[in-house]
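Undergrad: Dropping the structure in here first, questions after.
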Amino acid sequence: MTNIIDDLTRIVSAAFEECGYDKCLGAVSVSDRLDLCQFQCNGAFAGAKQYRKAPFMIAEEVVEKISGNEIFRTVEMVKPGFINITLNDEAILNKAKEISSDINLGIPQADKRETIVLDYGGANVAKPLHIGHLRSAIIGESLKRIARAMGNKVISDVHLGDWGLQIGLVIAELSERNPDWVCFSPDFDPDKDKVNPINVDELNEIYPFASQKSKSDEAFKEKARAVTAELQSGHKGYIAVWKEIMRVSVKDLKENYGKLYVDFDLWYGESDADKYVDELIDILNKKGLMYESDGAMVVDVEEETDKAAVPPVIIKKSDNSNIYATTDLATIIQRQKDYAPDRIWYVVDKRQGLHFTQVFRCAKKAGIIPENTELAHLGIGTMNGKDGKPYKTRDGGVMRLSDLLDTVIEAAYNKMSDENFESDDEKREAAQKVAIAAVKFGDLSNHITKDYIFDIDKFLSFEGKTGTYLIYTVTRINSILRNLGINEKEPLALSGVYSDIERELLLNIILSGEAFKHALAERAPSVICDNAYRLASLFSTFYHDNHIMGETDKEKQSTWISLCILVRKLLLKHLDVLGIKAVERM
Ligand code: ARG
């Protein structure tokens, strides 16, 4: 189906053309003065310059051409040259009906289906998932769903940090604690010898311990570095423990991401890029881009227009080990080979901006990705505590994601009253979903680059712009429909518009597709949050003003019920692309 803005633009453009003007002048937008009109076209102003004519004269001619169209209640020229448009109710209702029977619920579909590789999550193996990774997971998951809802092909990749120094630290510490393990013996044979199992609690304890130790113990730090380099060059015993660490850690990560309704098509890690490193080095050498500097191999990526210094990107360190940039470049080779994507988006902390600038420039210079493929770092802000500093545990440590979620789930559980549920299990399950909604919406409603304050009480409020309020609105609709014994499958009976608030609500419904368009174009899930909140609050006013259950005029009542059904469908769609699950009651 077509969206209303496009429909109107088509009509007004044709009129401009018929009057002898450029049809591009006919772009229609939503009015910013809804009290005056619903839509407007300001093309006469640009036309005035082009055709040396007063804008109001052009606008008048155009209005003259379209005023007979029956979808308009009013079209008028307003001096000095605006074209103000208001639709008649029937046109609004028809569009709303079209949306309700459209499989995409009026969400505009991409003209050209694009392939997008979305790199988010970015957890580090052997380190527990902490809140620093929360934003990337939440935002990436939502962008994936938005892009897919609009008909694009999206491949999500968690891109685990599984090949760096943190693994070396863990293996070094394991070898000091368990010198007798067969994988640490020089004659370890991966075909015959069994690796000693590691459990997840030990793994979670060992990294912070080893990391702390390396700060005071220079010899240990050196050892961890050596282990990392040997692991990367294929040391059999280290590879075997590494695989065991991966097995335990990835299982734990999957569980944790699962709790957030975050999932990935690819569970690749930095280690998977390893097989493309030689090819990368080869290309860089052949193009003469790489040179030695202080023992390391580097590539210049500075550009004349740089305002701040962009240092050369290091490809190989002096001990021949690969670093973060090496794996990111090699991963681009892999992604190009596997998917030839139109875009690769990295949802990563904005403080890594310089790293991505270096990597992207090097990739384009080396030609490992076509010039017109978009490489974009969608830099994200920090989640802060109420003190305005990065969120910490009470004792100042980094908070584990699972601990954070448990706290919010408990608070959600305590907030809801027992009588709304049929069983405690149902209440527990609802608390889980409400908590996730609160946390995710609290995050997504901020622009991705902005830092925000994590405030459980605010996020769990039933009022205001919160995820809790949104799913609460859905449960209110559920309860109306339940009480009336309505089957959702019944065809919509939208027969009239009985009040101004309904008209406003319907307008918002038919403009929701625009919100999706903007959200994707600006890579901003917050636009979806804004629109969902607007829908929910308009619905609340409508619900407050009208007594749906007691309405005796049957035609009116069915219209209102249909409106409830449509709003619910649309709200659920918004929630779905935000990665939020609704509940039956709360
Ligand atoms: N593991 C990294 C970190 O914790 C994030 C990875 C982001 N993705 C990427 N392709 N560099 O900082």
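Residues are referred to by chain and number: the chain letter is A, B, ... according to the order shown in the structure tokens, the number counts from 1 in that chain, and ligands are numbered separately from 1 in the order shown.
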Using only C-alpha atoms, what table do you get, as JSON lines, when you list each residue of range 313-407 of chain A with an atom no more than 10 Å from range 452-460 of chain A, its nearest pair of atoms, and their distance in Å rounded to one decimal, rows by chain then rising number?
TA:
{"residue": "A:Gly381", "atom": "CA", "partner": "A:Tyr452", "partner_atom": "CA", "distance": 7.5}
{"residue": "A:Thr382", "atom": "CA", "partner": "A:Tyr452", "partner_atom": "CA", "distance": 6.6}
{"residue": "A:Met383", "atom": "CA", "partner": "A:Tyr452", "partner_atom": "CA", "distance": 5.3}
{"residue": "A:Asn384", "atom": "CA", "partner": "A:Ile453", "partner_atom": "CA", "distance": 4.7}
{"residue": "A:Gly385", "atom": "CA", "partner": "A:Ile453", "partner_atom": "CA", "distance": 5.4}
{"residue": "A:Lys386", "atom": "CA", "partner": "A:Ile453", "partner_atom": "CA", "distance": 5.9}
{"residue": "A:Asp387", "atom": "CA", "partner": "A:Ile453", "partner_atom": "CA", "distance": 8.4}
{"residue": "A:Gly388", "atom": "CA", "partner": "A:Ile453", "partner_atom": "CA", "distance": 6.7}
{"residue": "A:Lys389", "atom": "CA", "partner": "A:Ile453", "partner_atom": "CA", "distance": 8.7}
{"residue": "A:Pro390", "atom": "CA", "partner": "A:Ile453", "partner_atom": "CA", "distance": 8.8}
{"residue": "A:Tyr391", "atom": "CA", "partner": "A:Phe454", "partner_atom": "CA", "distance": 7.5}
{"residue": "A:Thr407", "atom": "CA", "partner": "A:Ile456", "partner_atom": "CA", "distance": 9.0}
Undergrad: Counting only C-alpha atoms, what is within 7 Å of range 573-579 of chain A, bar same-chain residues fewer than 4 positions away, as a ChimeraX atom specification?
TA: /A:141-142,145-146,261,528,532,569
Undergrad: Quick one: write out the picked residues with all heavy atoms as a tab-separated table (two decimals), in the first residue's frame?
TA:
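The new file result.tsv reads:
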chain	number	residue	atom	x	y	z
A	141	GLU	N	19.64	-4.62	18.34
A	141	GLU	CA	18.50	-5.51	18.12
A	141	GLU	C	17.33	-4.72	17.52
A	141	GLU	O	16.65	-5.19	16.60
A	141	GLU	CB	18.08	-6.15	19.45
A	141	GLU	CG	16.91	-7.11	19.37
A	141	GLU	CD	17.21	-8.41	18.63
A	141	GLU	OE1	18.39	-8.81	18.52
A	141	GLU	OE2	16.25	-9.03	18.14
A	142	SER	N	17.11	-3.52	18.02
A	142	SER	CA	16.00	-2.73	17.52
A	142	SER	C	16.25	-2.28	16.08
A	142	SER	O	15.35	-2.37	15.23
A	142	SER	CB	15.78	-1.52	18.44
A	142	SER	OG	14.76	-0.72	17.91
A	145	ARG	N	15.49	-5.05	13.77
A	145	ARG	CA	14.06	-5.31	13.58
A	145	ARG	C	13.40	-4.22	12.73
A	145	ARG	O	12.52	-4.51	11.93
A	145	ARG	CB	13.38	-5.42	14.94
A	145	ARG	CG	13.79	-6.69	15.67
A	145	ARG	CD	13.31	-6.66	17.10
A	145	ARG	NE	13.73	-7.85	17.83
A	145	ARG	CZ	12.91	-8.66	18.49
A	145	ARG	NH1	11.63	-8.40	18.52
A	145	ARG	NH2	13.37	-9.71	19.12
A	146	ILE	N	13.82	-2.97	12.92
A	146	ILE	CA	13.25	-1.88	12.12
A	146	ILE	C	13.60	-2.09	10.64
A	146	ILE	O	12.74	-2.04	9.77
A	146	ILE	CB	13.75	-0.50	12.60
A	146	ILE	CG1	13.26	-0.22	14.03
A	146	ILE	CG2	13.30	0.61	11.65
A	146	ILE	CD1	13.91	0.99	14.70
A	261	TYR	N	15.74	-10.77	24.91
A	261	TYR	CA	15.16	-10.98	23.57
A	261	TYR	C	16.09	-10.42	22.49
A	261	TYR	O	15.67	-9.72	21.57
A	261	TYR	CB	13.77	-10.34	23.41
A	261	TYR	CG	12.88	-10.48	24.62
A	261	TYR	CD1	12.21	-9.39	25.16
A	261	TYR	CD2	12.69	-11.73	25.22
A	261	TYR	CE1	11.40	-9.53	26.28
A	261	TYR	CE2	11.89	-11.86	26.34
A	261	TYR	CZ	11.25	-10.77	26.86
A	261	TYR	OH	10.47	-10.89	27.98
A	528	ILE	N	10.68	5.69	16.86
A	528	ILE	CA	9.61	4.70	17.06
A	528	ILE	C	9.04	4.86	18.48
A	528	ILE	O	7.82	4.79	18.69
A	528	ILE	CB	10.16	3.25	16.89
A	528	ILE	CG1	10.76	3.06	15.49
A	528	ILE	CG2	9.07	2.21	17.17
A	528	ILE	CD1	9.76	2.98	14.38
A	532	ALA	N	5.18	5.62	19.31
A	532	ALA	CA	4.41	4.67	20.12
A	532	ALA	C	3.80	5.41	21.31
A	532	ALA	O	2.63	5.19	21.67
A	532	ALA	CB	5.31	3.54	20.61
A	569	LYS	N	-2.92	-3.49	17.55
A	569	LYS	CA	-2.06	-4.10	16.52
A	569	LYS	C	-0.83	-3.24	16.25
A	569	LYS	O	0.29	-3.71	16.15
A	569	LYS	CB	-2.84	-4.17	15.19
A	569	LYS	CG	-3.46	-5.50	14.87
A	569	LYS	CD	-3.73	-5.51	13.37
A	569	LYS	CE	-4.89	-6.37	13.00
A	569	LYS	NZ	-5.35	-6.17	11.63
Undergrad: List every residue of chain A that has an atom at most 9 Å from any atom of ligand 1, and for each one report the closest atom pair and its distance in Å to one decimal, counting only C-alpha atoms and all ligand atoms, with rows sorted by chain and then by increasing residue number, as a Markdown table.
TA:
| residue | atom | partner | partner_atom_place_in_ligand_line | distance |
| --- | --- | --- | --- | --- |
| A:Asp119 | CA | ligand 1 | 8 (N) | 6.0 |
| A:Tyr120 | CA | ligand 1 | 8 (N) | 6.3 |
| A:Gly121 | CA | ligand 1 | 7 (C) | 7.1 |
| A:Gly122 | CA | ligand 1 | 6 (C) | 4.0 |
| A:Ala123 | CA | ligand 1 | 1 (N) | 5.2 |
| A:Asn124 | CA | ligand 1 | 1 (N) | 5.2 |
| A:Val125 | CA | ligand 1 | 1 (N) | 8.6 |
| A:Gly132 | CA | ligand 1 | 4 (O) | 8.0 |
| A:His133 | CA | ligand 1 | 4 (O) | 7.1 |
| A:Ser136 | CA | ligand 1 | 7 (C) | 8.8 |
| A:Asp157 | CA | ligand 1 | 10 (N) | 9.0 |
| A:Val158 | CA | ligand 1 | 8 (N) | 7.8 |
| A:His159 | CA | ligand 1 | 8 (N) | 5.8 |
| A:Leu160 | CA | ligand 1 | 1 (N) | 5.8 |
| A:Gly161 | CA | ligand 1 | 1 (N) | 4.3 |
| A:Asp162 | CA | ligand 1 | 1 (N) | 8.1 |
| A:Gly269 | CA | ligand 1 | 1 (N) | 8.9 |
| A:Glu270 | CA | ligand 1 | 10 (N) | 8.1 |
| A:Tyr324 | CA | ligand 1 | 11 (N) | 7.0 |
| A:Ala325 | CA | ligand 1 | 11 (N) | 7.8 |
| A:Thr327 | CA | ligand 1 | 10 (N) | 8.1 |
| A:Asp328 | CA | ligand 1 | 10 (N) | 5.5 |
| A:Leu329 | CA | ligand 1 | 10 (N) | 8.9 |
| A:Thr331 | CA | ligand 1 | 10 (N) | 7.8 |
| A:Tyr346 | CA | ligand 1 | 8 (N) | 6.2 |
| A:Val347 | CA | ligand 1 | 7 (C) | 7.2 |
| A:Val348 | CA | ligand 1 | 7 (C) | 5.5 |
| A:Asp349 | CA | ligand 1 | 12 (O) | 7.5 |
| A:Gln352 | CA | ligand 1 | 12 (O) | 7.9 |
| A:His355 | CA | ligand 1 | 11 (N) | 8.5 |
| A:Phe356 | CA | ligand 1 | 11 (N) | 7.8 |
Undergrad: Could you check the closest approach to Lys144 in chain A for each of A:Ile167, A:Ala46, A:Leu494, A:Leu118 and tell me which residue wins, using only C-alpha atoms?
TA: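 Closest residue, counting only C-alpha atoms: A:Leu118.
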Undergrad: Which residues are near Val78 in chain A? Cut-off 9 Å, only C-alpha atoms, ignore same chain within fewer than 6 positions. Put them as a ChimeraX atom specification.
TA: /A:56,59-60,84
Undergrad: Do you know which residues are at most 10 Å from Ile510 in chain A counting only C-alpha atoms, after dropping those on the same chain fewer than 6 positions away, and could you put them as an MDAnalysis selection string?
TA: chainID A and resid 3:5 92:100 105:107
Undergrad: Store the residues picked out above, limited to all heavy atoms, as a short mmCIF file (atom, residue, chain, number, x, y, z; two decimals), in the first residue's frame.
TA:
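Once everything was written out, this is selection_28.cif:
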data_model
loop_
_atom_site.label_atom_id
_atom_site.label_comp_id
_atom_site.auth_asym_id
_atom_site.auth_seq_id
_atom_site.Cartn_x
_atom_site.Cartn_y
_atom_site.Cartn_z
N ASN A 3 1.69 5.24 1.28
CA ASN A 3 1.39 5.99 2.50
C ASN A 3 0.78 7.35 2.15
O ASN A 3 0.90 7.85 1.04
CB ASN A 3 2.60 6.07 3.43
CG ASN A 3 3.61 7.09 2.98
OD1 ASN A 3 3.31 8.27 2.81
ND2 ASN A 3 4.84 6.63 2.79
N ILE A 4 0.11 7.93 3.12
CA ILE A 4 -0.71 9.11 2.87
C ILE A 4 0.12 10.31 2.37
O ILE A 4 -0.32 11.05 1.49
CB ILE A 4 -1.55 9.46 4.15
CG1 ILE A 4 -2.54 10.58 3.85
CG2 ILE A 4 -0.68 9.83 5.31
CD1 ILE A 4 -3.68 10.16 2.97
N ILE A 5 1.32 10.46 2.92
CA ILE A 5 2.16 11.59 2.50
C ILE A 5 2.49 11.45 1.00
O ILE A 5 2.45 12.42 0.25
CB ILE A 5 3.46 11.63 3.34
CG1 ILE A 5 3.15 11.88 4.81
CG2 ILE A 5 4.44 12.64 2.79
CD1 ILE A 5 2.82 13.31 5.16
N ILE A 92 -9.59 9.60 5.75
CA ILE A 92 -8.77 9.14 6.88
C ILE A 92 -9.18 7.71 7.27
O ILE A 92 -8.34 6.84 7.47
CB ILE A 92 -8.93 10.09 8.09
CG1 ILE A 92 -8.43 11.49 7.71
CG2 ILE A 92 -8.17 9.57 9.29
CD1 ILE A 92 -8.60 12.53 8.81
N LEU A 93 -10.47 7.50 7.35
CA LEU A 93 -10.96 6.16 7.72
C LEU A 93 -10.54 5.11 6.69
O LEU A 93 -10.15 4.00 7.04
CB LEU A 93 -12.49 6.18 7.86
CG LEU A 93 -13.03 6.90 9.09
CD1 LEU A 93 -14.54 7.09 8.97
CD2 LEU A 93 -12.71 6.12 10.37
N ASN A 94 -10.63 5.48 5.41
CA ASN A 94 -10.25 4.52 4.37
C ASN A 94 -8.78 4.13 4.49
O ASN A 94 -8.42 2.96 4.34
CB ASN A 94 -10.50 5.11 2.98
CG ASN A 94 -11.97 5.03 2.63
OD1 ASN A 94 -12.72 4.23 3.22
ND2 ASN A 94 -12.40 5.87 1.68
N LYS A 95 -7.96 5.11 4.76
CA LYS A 95 -6.53 4.82 4.90
C LYS A 95 -6.30 3.92 6.12
O LYS A 95 -5.50 2.99 6.08
CB LYS A 95 -5.76 6.15 5.06
CG LYS A 95 -4.33 6.10 4.57
CD LYS A 95 -4.28 5.97 3.07
CE LYS A 95 -2.96 5.43 2.59
NZ LYS A 95 -2.93 5.25 1.13
N ALA A 96 -7.00 4.21 7.20
CA ALA A 96 -6.86 3.39 8.40
C ALA A 96 -7.27 1.94 8.13
O ALA A 96 -6.62 1.00 8.58
CB ALA A 96 -7.68 3.97 9.54
N LYS A 97 -8.34 1.77 7.35
CA LYS A 97 -8.78 0.41 7.01
C LYS A 97 -7.73 -0.30 6.16
O LYS A 97 -7.44 -1.47 6.36
CB LYS A 97 -10.10 0.45 6.23
CG LYS A 97 -11.30 0.71 7.13
CD LYS A 97 -12.59 0.65 6.31
CE LYS A 97 -13.59 1.65 6.85
NZ LYS A 97 -14.64 2.01 5.91
N GLU A 98 -7.17 0.46 5.23
CA GLU A 98 -6.13 -0.12 4.37
C GLU A 98 -4.96 -0.61 5.22
O GLU A 98 -4.41 -1.69 5.00
CB GLU A 98 -5.61 0.98 3.43
CG GLU A 98 -5.82 0.72 1.96
CD GLU A 98 -5.11 1.78 1.13
OE1 GLU A 98 -5.68 2.89 0.96
OE2 GLU A 98 -3.98 1.53 0.70
N ILE A 99 -4.59 0.20 6.21
CA ILE A 99 -3.47 -0.15 7.08
C ILE A 99 -3.78 -1.42 7.86
O ILE A 99 -2.96 -2.33 7.97
CB ILE A 99 -3.16 1.01 8.05
CG1 ILE A 99 -2.46 2.13 7.27
CG2 ILE A 99 -2.32 0.56 9.23
CD1 ILE A 99 -2.21 3.38 8.04
N SER A 100 -5.02 -1.51 8.35
CA SER A 100 -5.32 -2.66 9.20
C SER A 100 -5.33 -3.96 8.40
O SER A 100 -5.08 -5.02 8.94
CB SER A 100 -6.63 -2.45 9.93
OG SER A 100 -7.68 -2.99 9.20
N LEU A 105 1.12 -3.60 7.94
CA LEU A 105 0.48 -2.56 8.75
C LEU A 105 0.88 -1.15 8.32
O LEU A 105 1.08 -0.27 9.15
CB LEU A 105 0.84 -2.74 10.23
CG LEU A 105 -0.05 -3.65 11.05
CD1 LEU A 105 0.43 -3.67 12.50
CD2 LEU A 105 -1.51 -3.17 11.03
N GLY A 106 1.03 -0.98 7.03
CA GLY A 106 1.33 0.35 6.51
C GLY A 106 2.77 0.78 6.66
O GLY A 106 3.12 1.92 6.37
N ILE A 107 3.63 -0.12 7.12
CA ILE A 107 5.05 0.24 7.23
C ILE A 107 5.66 0.22 5.83
O ILE A 107 5.59 -0.80 5.14
CB ILE A 107 5.80 -0.74 8.15
CG1 ILE A 107 5.21 -0.65 9.55
CG2 ILE A 107 7.29 -0.47 8.15
CD1 ILE A 107 5.69 -1.73 10.48
#
Undergrad: Looking only at the backbone, which of the residues in range 295-471 of chain A does DSSP tag as helix (DSSP H, G or I), as JSON, numbers by chain?
TA: {"A": [324, 325, 326, 327, 328, 329, 330, 331, 332, 333, 334, 335, 336, 337, 338, 339, 350, 351, 352, 353, 354, 355, 356, 357, 358, 359, 360, 361, 362, 363, 364, 365, 366, 401, 402, 403, 404, 405, 406, 407, 408, 409, 410, 411, 412, 413, 414, 415, 418, 419, 420, 424, 425, 426, 427, 428, 429, 430, 431, 432, 433, 434, 435, 436, 437, 438, 439, 440, 441, 442, 443, 444, 456, 457, 458, 459, 467, 468, 469, 470, 471]}
Undergrad: Which residue out of A:Arg351, A:His547, A:Arg177, A:Arg52 has the minimum interatomic distance to Ala210 in chain A when only C-alpha atoms are used?
TA: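 With only C-alpha atoms as the atom set, the closest residue is A:Arg177.
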Undergrad: Find the residues near range 87-90 of chain A: any atom within 9 Å, counting only C-alpha atoms, skip ones fewer than 2 places away on the same chain, and give them as a PDB file with N, CA and C atoms, in the first residue's frame.
TA:
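around21.pdb was written with the following content:
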ATOM      1  N   CYS A  37      -4.443  23.050  10.106  1.00  0.00           N
ATOM      2  CA  CYS A  37      -4.651  22.079   9.025  1.00  0.00           C
ATOM      3  C   CYS A  37      -3.847  20.838   9.339  1.00  0.00           C
ATOM      4  N   GLN A  38      -4.101  19.779   8.576  1.00  0.00           N
ATOM      5  CA  GLN A  38      -3.397  18.518   8.855  1.00  0.00           C
ATOM      6  C   GLN A  38      -2.086  18.391   8.075  1.00  0.00           C
ATOM      7  N   PHE A  39      -2.107  18.890   6.838  1.00  0.00           N
ATOM      8  CA  PHE A  39      -0.926  18.752   5.981  1.00  0.00           C
ATOM      9  C   PHE A  39      -0.626  20.084   5.314  1.00  0.00           C
ATOM     10  N   GLU A  70     -12.209  14.899  -3.944  1.00  0.00           N
ATOM     11  CA  GLU A  70     -13.130  14.626  -2.836  1.00  0.00           C
ATOM     12  C   GLU A  70     -12.454  14.138  -1.551  1.00  0.00           C
ATOM     13  N   ILE A  71     -11.155  13.857  -1.599  1.00  0.00           N
ATOM     14  CA  ILE A  71     -10.545  13.428  -0.328  1.00  0.00           C
ATOM     15  C   ILE A  71     -10.263  14.612   0.613  1.00  0.00           C
ATOM     16  N   PHE A  72     -10.378  15.836   0.072  1.00  0.00           N
ATOM     17  CA  PHE A  72     -10.083  16.997   0.927  1.00  0.00           C
ATOM     18  C   PHE A  72     -11.331  17.565   1.581  1.00  0.00           C
ATOM     19  N   ARG A  73     -11.180  17.877   2.857  1.00  0.00           N
ATOM     20  CA  ARG A  73     -12.257  18.661   3.460  1.00  0.00           C
ATOM     21  C   ARG A  73     -12.013  20.124   3.094  1.00  0.00           C
ATOM     22  N   THR A  74     -10.746  20.559   3.272  1.00  0.00           N
ATOM     23  CA  THR A  74     -10.384  21.910   2.834  1.00  0.00           C
ATOM     24  C   THR A  74      -8.993  21.901   2.227  1.00  0.00           C
ATOM     25  N   VAL A  75      -8.833  22.702   1.173  1.00  0.00           N
ATOM     26  CA  VAL A  75      -7.478  23.036   0.692  1.00  0.00           C
ATOM     27  C   VAL A  75      -7.508  24.527   0.493  1.00  0.00           C
ATOM     28  N   ILE A  85      -3.788  21.837   3.867  1.00  0.00           N
ATOM     29  CA  ILE A  85      -4.677  20.751   3.460  1.00  0.00           C
ATOM     30  C   ILE A  85      -5.266  20.037   4.670  1.00  0.00           C
ATOM     31  N   ILE A  92      -9.589   9.603   5.750  1.00  0.00           N
ATOM     32  CA  ILE A  92      -8.771   9.135   6.884  1.00  0.00           C
ATOM     33  C   ILE A  92      -9.176   7.712   7.274  1.00  0.00           C
ATOM     34  N   LEU A  93     -10.471   7.496   7.349  1.00  0.00           N
ATOM     35  CA  LEU A  93     -10.960   6.160   7.717  1.00  0.00           C
ATOM     36  C   LEU A  93     -10.541   5.108   6.690  1.00  0.00           C
ATOM     37  N   ASN A  94     -10.632   5.478   5.409  1.00  0.00           N
ATOM     38  CA  ASN A  94     -10.246   4.523   4.371  1.00  0.00           C
ATOM     39  C   ASN A  94      -8.783   4.126   4.488  1.00  0.00           C
ATOM     40  N   LYS A  95      -7.956   5.114   4.762  1.00  0.00           N
ATOM     41  CA  LYS A  95      -6.528   4.823   4.900  1.00  0.00           C
ATOM     42  C   LYS A  95      -6.300   3.924   6.115  1.00  0.00           C
ATOM     43  N   SER A 495     -16.855   3.204  10.936  1.00  0.00           N
ATOM     44  CA  SER A 495     -17.887   3.835  10.120  1.00  0.00           C
ATOM     45  C   SER A 495     -17.945   5.353  10.243  1.00  0.00           C
ATOM     46  N   GLY A 496     -17.271   5.916  11.213  1.00  0.00           N
ATOM     47  CA  GLY A 496     -17.331   7.371  11.317  1.00  0.00           C
ATOM     48  C   GLY A 496     -16.318   7.888  12.319  1.00  0.00           C
ATOM     49  N   VAL A 497     -16.196   9.216  12.345  1.00  0.00           N
ATOM     50  CA  VAL A 497     -15.322   9.833  13.331  1.00  0.00           C
ATOM     51  C   VAL A 497     -16.220  10.662  14.232  1.00  0.00           C
ATOM     52  N   ARG A 503     -10.202  11.685  15.659  1.00  0.00           N
ATOM     53  CA  ARG A 503      -9.605  12.119  14.403  1.00  0.00           C
ATOM     54  C   ARG A 503      -8.086  12.217  14.558  1.00  0.00           C
TER      55      ARG A 503
END
Undergrad: What's the 9 Å shell around range 393-402 of chain A, counting only C-alpha atoms, without same-chain residues fewer than 2 positions away, as an mmCIF file with N, CA and C atoms, in the first residue's frame?
TA:
data_model
loop_
_atom_site.group_PDB
_atom_site.id
_atom_site.type_symbol
_atom_site.label_atom_id
_atom_site.label_comp_id
_atom_site.auth_asym_id
_atom_site.auth_seq_id
_atom_site.Cartn_x
_atom_site.Cartn_y
_atom_site.Cartn_z
ATOM 1 N N PRO A 128 32.165 -11.606 32.191
ATOM 2 C CA PRO A 128 30.699 -11.619 32.268
ATOM 3 C C PRO A 128 30.125 -10.430 31.509
ATOM 4 N N LEU A 129 28.929 -10.647 30.987
ATOM 5 C CA LEU A 129 28.272 -9.574 30.245
ATOM 6 C C LEU A 129 27.968 -8.461 31.243
ATOM 7 N N HIS A 130 28.466 -7.289 30.988
ATOM 8 C CA HIS A 130 28.185 -6.217 31.944
ATOM 9 C C HIS A 130 27.394 -5.125 31.251
ATOM 10 N N ILE A 131 26.995 -4.128 32.030
ATOM 11 C CA ILE A 131 26.057 -3.165 31.488
ATOM 12 C C ILE A 131 26.626 -2.318 30.359
ATOM 13 N N GLY A 132 27.951 -2.297 30.237
ATOM 14 C CA GLY A 132 28.542 -1.572 29.112
ATOM 15 C C GLY A 132 28.074 -2.156 27.783
ATOM 16 N N HIS A 133 27.735 -3.438 27.801
ATOM 17 C CA HIS A 133 27.296 -4.085 26.569
ATOM 18 C C HIS A 133 25.784 -4.039 26.385
ATOM 19 N N LEU A 134 25.107 -3.522 27.396
ATOM 20 C CA LEU A 134 23.653 -3.519 27.364
ATOM 21 C C LEU A 134 23.112 -2.648 26.226
ATOM 22 N N ASN A 256 22.052 -15.053 28.496
ATOM 23 C CA ASN A 256 21.862 -13.663 28.921
ATOM 24 C C ASN A 256 21.256 -12.780 27.838
ATOM 25 N N LYS A 259 17.575 -13.497 27.554
ATOM 26 C CA LYS A 259 16.718 -12.829 28.536
ATOM 27 C C LYS A 259 16.306 -11.450 28.054
ATOM 28 N N TYR A 391 27.219 3.971 35.240
ATOM 29 C CA TYR A 391 26.515 3.168 36.243
ATOM 30 C C TYR A 391 27.425 2.122 36.881
ATOM 31 N N LEU A 404 21.695 -6.674 37.330
ATOM 32 C CA LEU A 404 20.880 -5.493 37.054
ATOM 33 C C LEU A 404 19.448 -5.907 36.697
ATOM 34 N N LEU A 405 19.347 -6.880 35.795
ATOM 35 C CA LEU A 405 18.012 -7.320 35.369
ATOM 36 C C LEU A 405 17.228 -7.895 36.537
ATOM 37 N N ASP A 406 17.895 -8.685 37.375
ATOM 38 C CA ASP A 406 17.194 -9.264 38.524
ATOM 39 C C ASP A 406 16.614 -8.178 39.422
ATOM 40 N N THR A 407 17.381 -7.119 39.634
ATOM 41 C CA THR A 407 16.880 -6.022 40.470
ATOM 42 C C THR A 407 15.625 -5.401 39.862
#
Undergrad: Would you mind telling me which residue in A:Asn320, A:Gln232, A:Ser185, A:Gln166 lies nearest to Ser214 in chain A when using only C-alpha atoms?
TA: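 That would be A:Gln166, the residue with the smallest distance to Ser214 in chain A.
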Undergrad: Would you kindly return, as a list in words, each protein, DNA or RNA residue with an atom no farther than 12 Å from any atom of Tyr276 in chain A, considering only C-alpha atoms and excluding same-chain residues fewer than 6 positions away?
TA: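 Contacts, in chain order: Glu270, Asp282, Ile283, Asn322, Thr326, Thr327, Asp328, Leu329, Ala330, Thr331, Ile332, Ile333, Gln334, Arg335, Gln336, Lys337 and Ile368 of chain A.
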Undergrad: Which one of A:Arg343, A:Lys365, A:Lys53, A:Arg33 sits closest to Arg113 in chain A if you count only C-alpha atoms?
TA: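 So, comparing all the options, the nearest one is A:Arg343.
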Undergrad: Taking the chain letters and numbering used in this document, name the residues of range 241-469 of chain A that DSSP puts in strand (DSSP E or B), as a ChimeraX atom specification.
TA: /A:266,269,290-293,296-299,313-316,322,343-349,374-380,383-384,390,400,452-453
Undergrad: Those same residues, written as a compact mmCIF listing (two decimals), in the first residue's frame with C-alpha atoms?
TA:
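For reference, result.txt as written:
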# COMPACT_ATOMS: atom_id res chain seq x y z
CA LEU A 266 26.06 -15.15 13.46
CA GLY A 269 34.12 -13.73 16.99
CA MET A 290 52.06 -0.81 4.93
CA TYR A 291 55.36 0.28 6.43
CA GLU A 292 57.35 -0.32 9.56
CA SER A 293 57.22 2.11 12.41
CA ALA A 296 55.10 -2.36 14.24
CA MET A 297 53.51 -2.52 10.77
CA VAL A 298 51.22 0.42 10.14
CA VAL A 299 49.12 2.13 7.45
CA VAL A 313 46.48 2.29 12.08
CA ILE A 314 48.57 -0.53 13.54
CA ILE A 315 48.15 -3.81 11.68
CA LYS A 316 50.79 -5.94 13.39
CA ASN A 322 47.14 -8.92 15.73
CA ARG A 343 26.02 -1.37 4.47
CA ILE A 344 27.91 -2.50 7.52
CA TRP A 345 26.78 -0.84 10.73
CA TYR A 346 28.70 -1.05 14.00
CA VAL A 347 26.66 -0.31 17.11
CA VAL A 348 29.52 0.39 19.49
CA ASP A 349 30.40 2.86 22.25
CA GLU A 374 28.51 2.25 3.66
CA LEU A 375 30.69 1.59 6.70
CA ALA A 376 29.15 3.38 9.65
CA HIS A 377 29.96 3.52 13.31
CA LEU A 378 26.69 4.19 15.09
CA GLY A 379 28.35 5.47 18.23
CA ILE A 380 26.36 5.05 21.40
CA MET A 383 24.32 4.65 30.62
CA ASN A 384 24.92 6.66 33.76
CA PRO A 390 28.84 5.53 34.39
CA ARG A 400 26.80 -7.54 35.93
CA TYR A 452 21.28 8.87 29.86
CA ILE A 453 20.52 8.23 33.49
